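A.B. asks: Attaching a single structure in structure tokens format; questions to follow.
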Amino acid sequence: MTQDMSGTAKDAVSRPLALSRWLWVVATMIAGIVVIGGITRLTESGVSITEWKPVSGILPPLTDAAWQAEFDAYRQTPQFIQINGPAGMTLATYKAIFFWEWLHRLLARSVGMAFALPLLWFWVKKQIPSGYKLRLVFLLLLGGLQGVVGWWMVVSGISHDVKVSHLRLATHLLVALTTYAAIVWTALDLHGNAQGEPKARMTILGALAIATLFIQLGLGALVAGLRAGHVANDWPLMMGRFFPDGIDWSQGAGHALFYDPYLLHFVHRWWAWIAVAVLLILARKVRKSARAASIAIHSAFGTQIILGIATIMSGVTIWVAVLHQLVGALLLGSTIWGAHQLGRRR
């Protein structure tokens, strides 16, 4: 009788831990897709696939005729007509940019399957702790929304411009990072559930740190979408000045903040230090109760600052810029960890 009761108790404890580990795998996959998304943007590959085929699009073109059909469709886009066509793009060079967009979409499908299928399994097996079902369904829907936003972004580059809308690009990234952050928080909650702890609450400081960092990440996406990283390659000055010349104020400050590359670059540089100040306070606050989380926050924002400066001074070298984007995601994960530790209730 004692052995049976012990076995039942052990099984009950293992369920939230299994869910937590599963969510950590999904969060890691999302961080990976953020990296591939960064490469896709930097290589100007985002509009190389002009149709959204959720099922048949899993396979790339398999024949010469299929490749030619894809290339012909791409040749109708403004990007090819105005930029790549005059530059002499061939089918061979088209295949290179096609690869990154195809890989990005393939990983997106993989993340969806990696979330939906285990969720169904845990649900059928009744292994989801009380109070988590609706949250997990919401996360699944949020992932589906990310796919819709991704296509909405791509459409802007197929029919309207030589590149995708930087506003839609920022929306696409922020929805992905929101999903990532919510998954990390839920994984931490489930780990606490296995130890008999209630769900963590969001504190004012935790919310402030996350909001400040999200603004910085959003600014970074706008900078990337407008290619604003190329407007200056010196630091801490911009083109030899603290405040850059060349800002177009003709349509008002609000318009300039979202559309002027010089102003966006400047704000992204200096909002970073506001984010650092808030993150320092958060890291110091959790240092005694969660030293590892404090170290993670310090390490991530220190590395991120160095990579940000290196991205600018290297002229936006692809591998440096991609590392900058990856560490941004890791910094968000560390911040979520710190905010969660701050809100733990024993």
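We name chains A, B, ... following the order of the structure tokens; residues begin at 1 in each chain, and ligands are numbered from 1 as shown.
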Do you have, as CSV, the list of residues of segment 38-130 of chain A lying at most 8 Å from segment 148-165 of chain A, each with its nearest atom pair and that distance in Å to one decimal, counting only C-alpha atoms and ordered by chain then number?
C.D. replies:
residue,atom,partner,partner_atom,distance
A:Glu44,CA,A:Lys163,CA,7.7
A:Gly46,CA,A:Val154,CA,6.5
A:Val47,CA,A:Val154,CA,5.8
A:Thr50,CA,A:Ile158,CA,6.6
A:Trp52,CA,A:Trp151,CA,7.0
A:Thr77,CA,A:Ile158,CA,5.3
A:Pro78,CA,A:Val162,CA,5.0
A:Gln79,CA,A:Val162,CA,3.9
A:Phe80,CA,A:Val162,CA,7.6
A:Gln82,CA,A:Val162,CA,7.2
A:Ile83,CA,A:Val162,CA,7.5
A.B. asks: Within 7 Å of segment 323-331 of chain A, counting only C-alpha atoms, which residues show up once you throw out same-chain ones fewer than 3 positions away? Write them as a PyMOL selection string, please.
C.D. replies: chain A and resi 31+34-35+38+297+300-301+304+307-308+319-320+334-335
A.B. asks: Could you save the residues just selected, with N, CA and C atoms, as a PDB file, in the first residue's frame?
C.D. replies:
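What follows is the written file part_11.pdb:
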ATOM      1  N   ALA A  31      13.781  30.820 -29.919  1.00  0.00           N
ATOM      2  CA  ALA A  31      15.016  31.604 -29.975  1.00  0.00           C
ATOM      3  C   ALA A  31      15.776  31.298 -31.262  1.00  0.00           C
ATOM      4  N   VAL A  34      14.156  33.017 -34.204  1.00  0.00           N
ATOM      5  CA  VAL A  34      14.476  34.450 -34.192  1.00  0.00           C
ATOM      6  C   VAL A  34      15.809  34.685 -34.897  1.00  0.00           C
ATOM      7  N   VAL A  35      16.770  33.786 -34.671  1.00  0.00           N
ATOM      8  CA  VAL A  35      18.067  33.886 -35.339  1.00  0.00           C
ATOM      9  C   VAL A  35      17.910  33.736 -36.852  1.00  0.00           C
ATOM     10  N   GLY A  38      16.446  36.715 -38.356  1.00  0.00           N
ATOM     11  CA  GLY A  38      17.424  37.789 -38.511  1.00  0.00           C
ATOM     12  C   GLY A  38      18.262  37.614 -39.766  1.00  0.00           C
ATOM     13  N   ILE A 297      21.108  38.023 -15.987  1.00  0.00           N
ATOM     14  CA  ILE A 297      20.698  39.342 -16.472  1.00  0.00           C
ATOM     15  C   ILE A 297      21.919  40.208 -16.744  1.00  0.00           C
ATOM     16  N   ALA A 300      23.850  38.901 -19.819  1.00  0.00           N
ATOM     17  CA  ALA A 300      23.138  39.096 -21.086  1.00  0.00           C
ATOM     18  C   ALA A 300      23.168  40.549 -21.527  1.00  0.00           C
ATOM     19  N   PHE A 301      22.884  41.493 -20.614  1.00  0.00           N
ATOM     20  CA  PHE A 301      22.850  42.879 -21.102  1.00  0.00           C
ATOM     21  C   PHE A 301      24.256  43.409 -21.357  1.00  0.00           C
ATOM     22  N   GLN A 304      25.052  42.065 -24.748  1.00  0.00           N
ATOM     23  CA  GLN A 304      24.202  42.718 -25.738  1.00  0.00           C
ATOM     24  C   GLN A 304      24.711  44.117 -26.081  1.00  0.00           C
ATOM     25  N   LEU A 307      27.765  43.688 -28.338  1.00  0.00           N
ATOM     26  CA  LEU A 307      27.369  43.268 -29.679  1.00  0.00           C
ATOM     27  C   LEU A 307      26.670  44.396 -30.438  1.00  0.00           C
ATOM     28  N   GLY A 308      25.895  45.213 -29.729  1.00  0.00           N
ATOM     29  CA  GLY A 308      25.242  46.340 -30.379  1.00  0.00           C
ATOM     30  C   GLY A 308      26.253  47.322 -30.943  1.00  0.00           C
ATOM     31  N   TRP A 319      26.971  38.172 -39.202  1.00  0.00           N
ATOM     32  CA  TRP A 319      27.066  37.271 -38.050  1.00  0.00           C
ATOM     33  C   TRP A 319      27.039  38.038 -36.733  1.00  0.00           C
ATOM     34  N   VAL A 320      27.572  39.272 -36.734  1.00  0.00           N
ATOM     35  CA  VAL A 320      27.525  40.090 -35.514  1.00  0.00           C
ATOM     36  C   VAL A 320      26.090  40.535 -35.240  1.00  0.00           C
ATOM     37  N   SER A 334      16.220  36.016 -19.653  1.00  0.00           N
ATOM     38  CA  SER A 334      16.815  36.269 -18.336  1.00  0.00           C
ATOM     39  C   SER A 334      15.981  37.254 -17.534  1.00  0.00           C
ATOM     40  N   THR A 335      15.444  38.256 -18.213  1.00  0.00           N
ATOM     41  CA  THR A 335      14.602  39.247 -17.540  1.00  0.00           C
ATOM     42  C   THR A 335      13.307  38.611 -17.035  1.00  0.00           C
TER      43      THR A 335
END
A.B. asks: Of the candidates A:Arg41, A:Arg291, A:Arg15, A:His230, which shows the shortest atom-to-atom distance to Trp337 of chain A, using only C-alpha atoms?
C.D. replies: A:Arg291
A.B. asks: Applying 7 Å and only C-alpha atoms, which residues near Ile33 of chain A remain after dropping the ones on its own chain fewer than 6 positions away? List them as JSON, numbers by chain.
C.D. replies: {"A": [104, 107, 108]}
A.B. asks: Write a file of the just-selected residues containing C-alpha atoms, as a short mmCIF file (atom, residue, chain, number, x, y, z; two decimals), in the first residue's frame.
C.D. replies:
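So result-v6.cif came out as:
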data_model
loop_
_atom_site.label_atom_id
_atom_site.label_comp_id
_atom_site.auth_asym_id
_atom_site.auth_seq_id
_atom_site.Cartn_x
_atom_site.Cartn_y
_atom_site.Cartn_z
CA HIS A 104 12.42 30.21 -41.65
CA LEU A 107 11.11 26.09 -38.54
CA ALA A 108 7.93 28.03 -37.85
#
A.B. asks: Segment 206-210 of chain A: which residues within 8 Å, counting only C-alpha atoms, same-chain residues fewer than 2 positions away excluded, as an MDAnalysis selection string?
C.D. replies: chainID A and resid 202:204 212:214 275 278:279 282 332 335:336 338:340 342:343
A.B. asks: For those residues, write C-alpha atoms to a file as an mmCIF file, in the first residue's frame.
C.D. replies:
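Saved result, result_4.cif, follows:
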data_model
loop_
_atom_site.group_PDB
_atom_site.id
_atom_site.type_symbol
_atom_site.label_atom_id
_atom_site.label_comp_id
_atom_site.auth_asym_id
_atom_site.auth_seq_id
_atom_site.Cartn_x
_atom_site.Cartn_y
_atom_site.Cartn_z
ATOM 1 C CA MET A 202 3.887 40.035 -11.768
ATOM 2 C CA THR A 203 5.378 42.825 -9.654
ATOM 3 C CA ILE A 204 5.560 46.479 -10.647
ATOM 4 C CA THR A 212 11.375 48.798 -20.959
ATOM 5 C CA LEU A 213 13.163 45.923 -22.648
ATOM 6 C CA PHE A 214 10.281 45.337 -25.088
ATOM 7 C CA ALA A 275 16.840 49.568 -20.162
ATOM 8 C CA VAL A 278 16.071 49.216 -14.954
ATOM 9 C CA LEU A 279 17.619 45.792 -15.472
ATOM 10 C CA LEU A 282 15.914 44.135 -11.143
ATOM 11 C CA LEU A 332 14.477 38.772 -22.522
ATOM 12 C CA THR A 335 14.602 39.247 -17.540
ATOM 13 C CA ILE A 336 11.523 37.015 -17.414
ATOM 14 C CA GLY A 338 14.331 37.622 -12.775
ATOM 15 C CA ALA A 339 10.788 39.033 -12.822
ATOM 16 C CA HIS A 340 9.401 35.577 -12.049
ATOM 17 C CA LEU A 342 10.742 38.498 -7.802
ATOM 18 C CA GLY A 343 7.100 37.453 -7.903
#
A.B. asks: Would you return as a count of residues only the members of segment 64-135 of chain A that DSSP assigns to helix (DSSP H, G or I) on this structure's backbone?
C.D. replies: 55
A.B. asks: Enter the distance from atom CA of Ile58 of chain A to atom CA of Ala73 of chain A, in Å, rounded to one decimal.
C.D. replies: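 Distance between the two atoms: 17.9 Å.
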A.B. asks: Rank A:Gly252, A:Gly315, A:Pro60, A:Gly218 by their smallest atom-to-atom distance to His172 of chain A, using only C-alpha atoms, and report the top residue only.
C.D. replies: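 Result for the nearest residue to His172 of chain A: A:Gly218.
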